[in-house]
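Worksheet: one structure, shown below.
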Amino acid sequence: MDVSTAQVPTNETAEIEAAKADARRFTPLYERYHADVFRFVHRRVRRMELAADLSQETFLKALLALPRYEDRGYPFRAWLYRIALNEVRMHWRKRKEVLMEIGRAEVFGLSEEIGTGTSEEDLLRLTSALSRLDETKAQLIELRYMDGMSFAELGQVLGIAEDAAKMRTHRVLAVLRTYLKPRE
């Protein structure tokens, strides 16, 4: 076996430890997660150049914070998403805007979860109900249903326990069901 091959980390934990010791070894982590982080950010800002800038800022902050990173049993990707989410939040806070754009497939999947119909009218009502959510509630729905995060990842990104992520998500779904009830 070639000595240079033996020194290359073969798993994520080893890559993280190598990058902590030498910032130049961050490249494999960057290459593995850049596309995911970019899509995550782009979904929230909808502009390629801005998504590229915020993604770059995310990885810069991740690199600077890496010596303090501790593996707590969550995917490294969730840690990166948390940093990216903070970057997006800071951007929107500066602009005093909130953006939540979802596709038909996501609305359809959410509709099934809530137990509403899937007619065009039902999907439009659900979209309207989503627009009534405050930023925190909309974020839960977006992370869970648009980004497909598990409750564990959702908890990691939001800095809460997995059970709290489940509970909050179910509460938001209940709010959406209330918004969707026919008026009597």
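If you're wondering about the labels, chains in the structure tokens are A, B, ... by order shown, residues count from 1 in each chain, ligands from 1 in order shown.
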Pick out the residues sitting within 12 Å of stretch 38-42 of chain A, and hand them over as a ChimeraX atom specification; count only C-alpha atoms, and ignore anything fewer than 5 positions along from it in its own chain.
/A:30-33,47-59,77-78,80-89,91-92,99-102,142-143,146-149
Those in stretch 3-183 of chain A with alpha helix (DSSP H) from DSSP, as a PyMOL selection string
chain A and resi 3-6+12-21+27-45+48-65+76-95+104-114+120-131+135-141+151-158+162-180
Fewer than 5 positions away in the same chain doesn't count, so skip those; otherwise give me all residues within 10 Å of A:Arg24, counting only C-alpha atoms, as a list in words.
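The neighbour list is Ala18, Ala19 and Leu63 of chain A.
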Output file for the residues above (C-alpha atoms, as a short mmCIF file (atom, residue, chain, number, x, y, z; two decimals), in the first residue's frame):
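As written to disk, selection29.cif reads:
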data_model
loop_
_atom_site.label_atom_id
_atom_site.label_comp_id
_atom_site.auth_asym_id
_atom_site.auth_seq_id
_atom_site.Cartn_x
_atom_site.Cartn_y
_atom_site.Cartn_z
CA ALA A 18 -7.73 16.04 9.80
CA ALA A 19 -9.29 19.41 8.88
CA LEU A 63 -13.83 26.40 8.61
#
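Pairwise distance (atom CA of A:Thr116, atom CA of A:Leu133) equals 17.4 Å.
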Do you know which residues are at most 12 Å from stretch 161-177 of chain A counting only C-alpha atoms, after dropping those on the same chain fewer than 6 positions away, and could you put them as a ChimeraX atom specification?
/A:72-74,110-117,122,125-145,149-155
Using only N, CA and C atoms, please write the residues we just selected to a file, as a compact mmCIF listing (two decimals), in the first residue's frame.
# COMPACT_ATOMS: atom_id res chain seq x y z
N ARG A 72 -21.82 15.24 17.95
CA ARG A 72 -22.85 14.92 18.95
C ARG A 72 -23.81 13.88 18.42
N GLY A 73 -23.37 13.12 17.41
CA GLY A 73 -24.20 12.06 16.87
C GLY A 73 -25.09 12.49 15.71
N TYR A 74 -25.00 13.74 15.30
CA TYR A 74 -25.77 14.24 14.17
C TYR A 74 -24.86 14.32 12.95
N LEU A 110 -46.95 17.76 1.52
CA LEU A 110 -47.44 18.36 2.77
C LEU A 110 -48.94 18.18 2.89
N SER A 111 -49.64 18.30 1.78
CA SER A 111 -51.09 18.11 1.76
C SER A 111 -51.45 16.71 2.24
N GLU A 112 -50.70 15.72 1.78
CA GLU A 112 -50.94 14.34 2.23
C GLU A 112 -50.70 14.21 3.73
N GLU A 113 -49.63 14.84 4.23
CA GLU A 113 -49.30 14.78 5.66
C GLU A 113 -50.41 15.38 6.52
N ILE A 114 -50.96 16.49 6.06
CA ILE A 114 -52.00 17.18 6.82
C ILE A 114 -53.35 16.49 6.68
N GLY A 115 -53.52 15.79 5.57
CA GLY A 115 -54.78 15.08 5.37
C GLY A 115 -55.81 15.90 4.61
N THR A 116 -55.34 16.84 3.80
CA THR A 116 -56.26 17.62 2.98
C THR A 116 -56.32 17.00 1.59
N GLY A 117 -57.21 17.50 0.79
CA GLY A 117 -57.35 17.01 -0.57
C GLY A 117 -56.19 17.45 -1.44
N ASP A 122 -57.60 22.73 -3.31
CA ASP A 122 -57.04 22.36 -2.01
C ASP A 122 -55.57 22.79 -1.90
N ARG A 125 -55.38 26.48 -1.37
CA ARG A 125 -55.73 26.82 0.02
C ARG A 125 -54.56 26.53 0.95
N LEU A 126 -53.86 25.41 0.72
CA LEU A 126 -52.71 25.08 1.55
C LEU A 126 -51.60 26.11 1.36
N THR A 127 -51.35 26.50 0.13
CA THR A 127 -50.34 27.52 -0.14
C THR A 127 -50.69 28.82 0.57
N SER A 128 -51.96 29.17 0.53
CA SER A 128 -52.42 30.38 1.22
C SER A 128 -52.22 30.24 2.73
N ALA A 129 -52.54 29.07 3.28
CA ALA A 129 -52.36 28.84 4.72
C ALA A 129 -50.88 28.94 5.10
N LEU A 130 -50.00 28.43 4.25
CA LEU A 130 -48.57 28.51 4.52
C LEU A 130 -48.10 29.96 4.59
N SER A 131 -48.68 30.80 3.77
CA SER A 131 -48.27 32.21 3.76
C SER A 131 -48.67 32.94 5.05
N ARG A 132 -49.58 32.34 5.82
CA ARG A 132 -50.02 32.95 7.08
C ARG A 132 -49.09 32.60 8.25
N LEU A 133 -48.20 31.64 8.07
CA LEU A 133 -47.29 31.22 9.14
C LEU A 133 -46.23 32.29 9.39
N ASP A 134 -45.86 32.43 10.66
CA ASP A 134 -44.75 33.34 10.96
C ASP A 134 -43.44 32.67 10.53
N GLU A 135 -42.36 33.42 10.59
CA GLU A 135 -41.07 32.94 10.08
C GLU A 135 -40.62 31.64 10.73
N THR A 136 -40.77 31.52 12.04
CA THR A 136 -40.31 30.33 12.75
C THR A 136 -41.08 29.10 12.33
N LYS A 137 -42.39 29.22 12.25
CA LYS A 137 -43.23 28.09 11.84
C LYS A 137 -42.98 27.72 10.39
N ALA A 138 -42.86 28.73 9.54
CA ALA A 138 -42.59 28.47 8.12
C ALA A 138 -41.25 27.75 7.96
N GLN A 139 -40.30 28.12 8.77
CA GLN A 139 -38.98 27.51 8.70
C GLN A 139 -39.04 26.02 9.04
N LEU A 140 -39.81 25.67 10.07
CA LEU A 140 -39.98 24.25 10.42
C LEU A 140 -40.53 23.46 9.24
N ILE A 141 -41.58 23.98 8.63
CA ILE A 141 -42.20 23.30 7.49
C ILE A 141 -41.21 23.18 6.34
N GLU A 142 -40.51 24.26 6.10
CA GLU A 142 -39.55 24.27 4.99
C GLU A 142 -38.45 23.24 5.19
N LEU A 143 -37.87 23.21 6.38
CA LEU A 143 -36.78 22.27 6.65
C LEU A 143 -37.26 20.82 6.59
N ARG A 144 -38.43 20.58 7.15
CA ARG A 144 -38.94 19.20 7.22
C ARG A 144 -39.45 18.71 5.87
N TYR A 145 -40.28 19.50 5.22
CA TYR A 145 -40.96 19.01 4.02
C TYR A 145 -40.32 19.43 2.71
N MET A 149 -35.58 16.97 5.80
CA MET A 149 -34.76 16.64 6.97
C MET A 149 -35.51 15.70 7.92
N SER A 150 -34.73 14.84 8.56
CA SER A 150 -35.28 14.01 9.62
C SER A 150 -35.51 14.90 10.83
N PHE A 151 -36.26 14.40 11.81
CA PHE A 151 -36.47 15.19 13.02
C PHE A 151 -35.15 15.41 13.76
N ALA A 152 -34.25 14.43 13.71
CA ALA A 152 -32.94 14.58 14.36
C ALA A 152 -32.15 15.71 13.70
N GLU A 153 -32.13 15.72 12.35
CA GLU A 153 -31.43 16.79 11.65
C GLU A 153 -32.09 18.14 11.89
N LEU A 154 -33.41 18.14 11.87
CA LEU A 154 -34.17 19.37 12.12
C LEU A 154 -33.82 19.93 13.50
N GLY A 155 -33.77 19.06 14.50
CA GLY A 155 -33.40 19.49 15.84
C GLY A 155 -31.99 20.05 15.88
Using only C-alpha atoms, determine which residues lie at most 12 Å from A:Asn11, disregarding the query and same-chain residues fewer than 5 positions distant; provide the list as a list in words.
Ile16, Glu17, Ala18, Pro28, Leu29, Arg32 and Phe76 of chain A
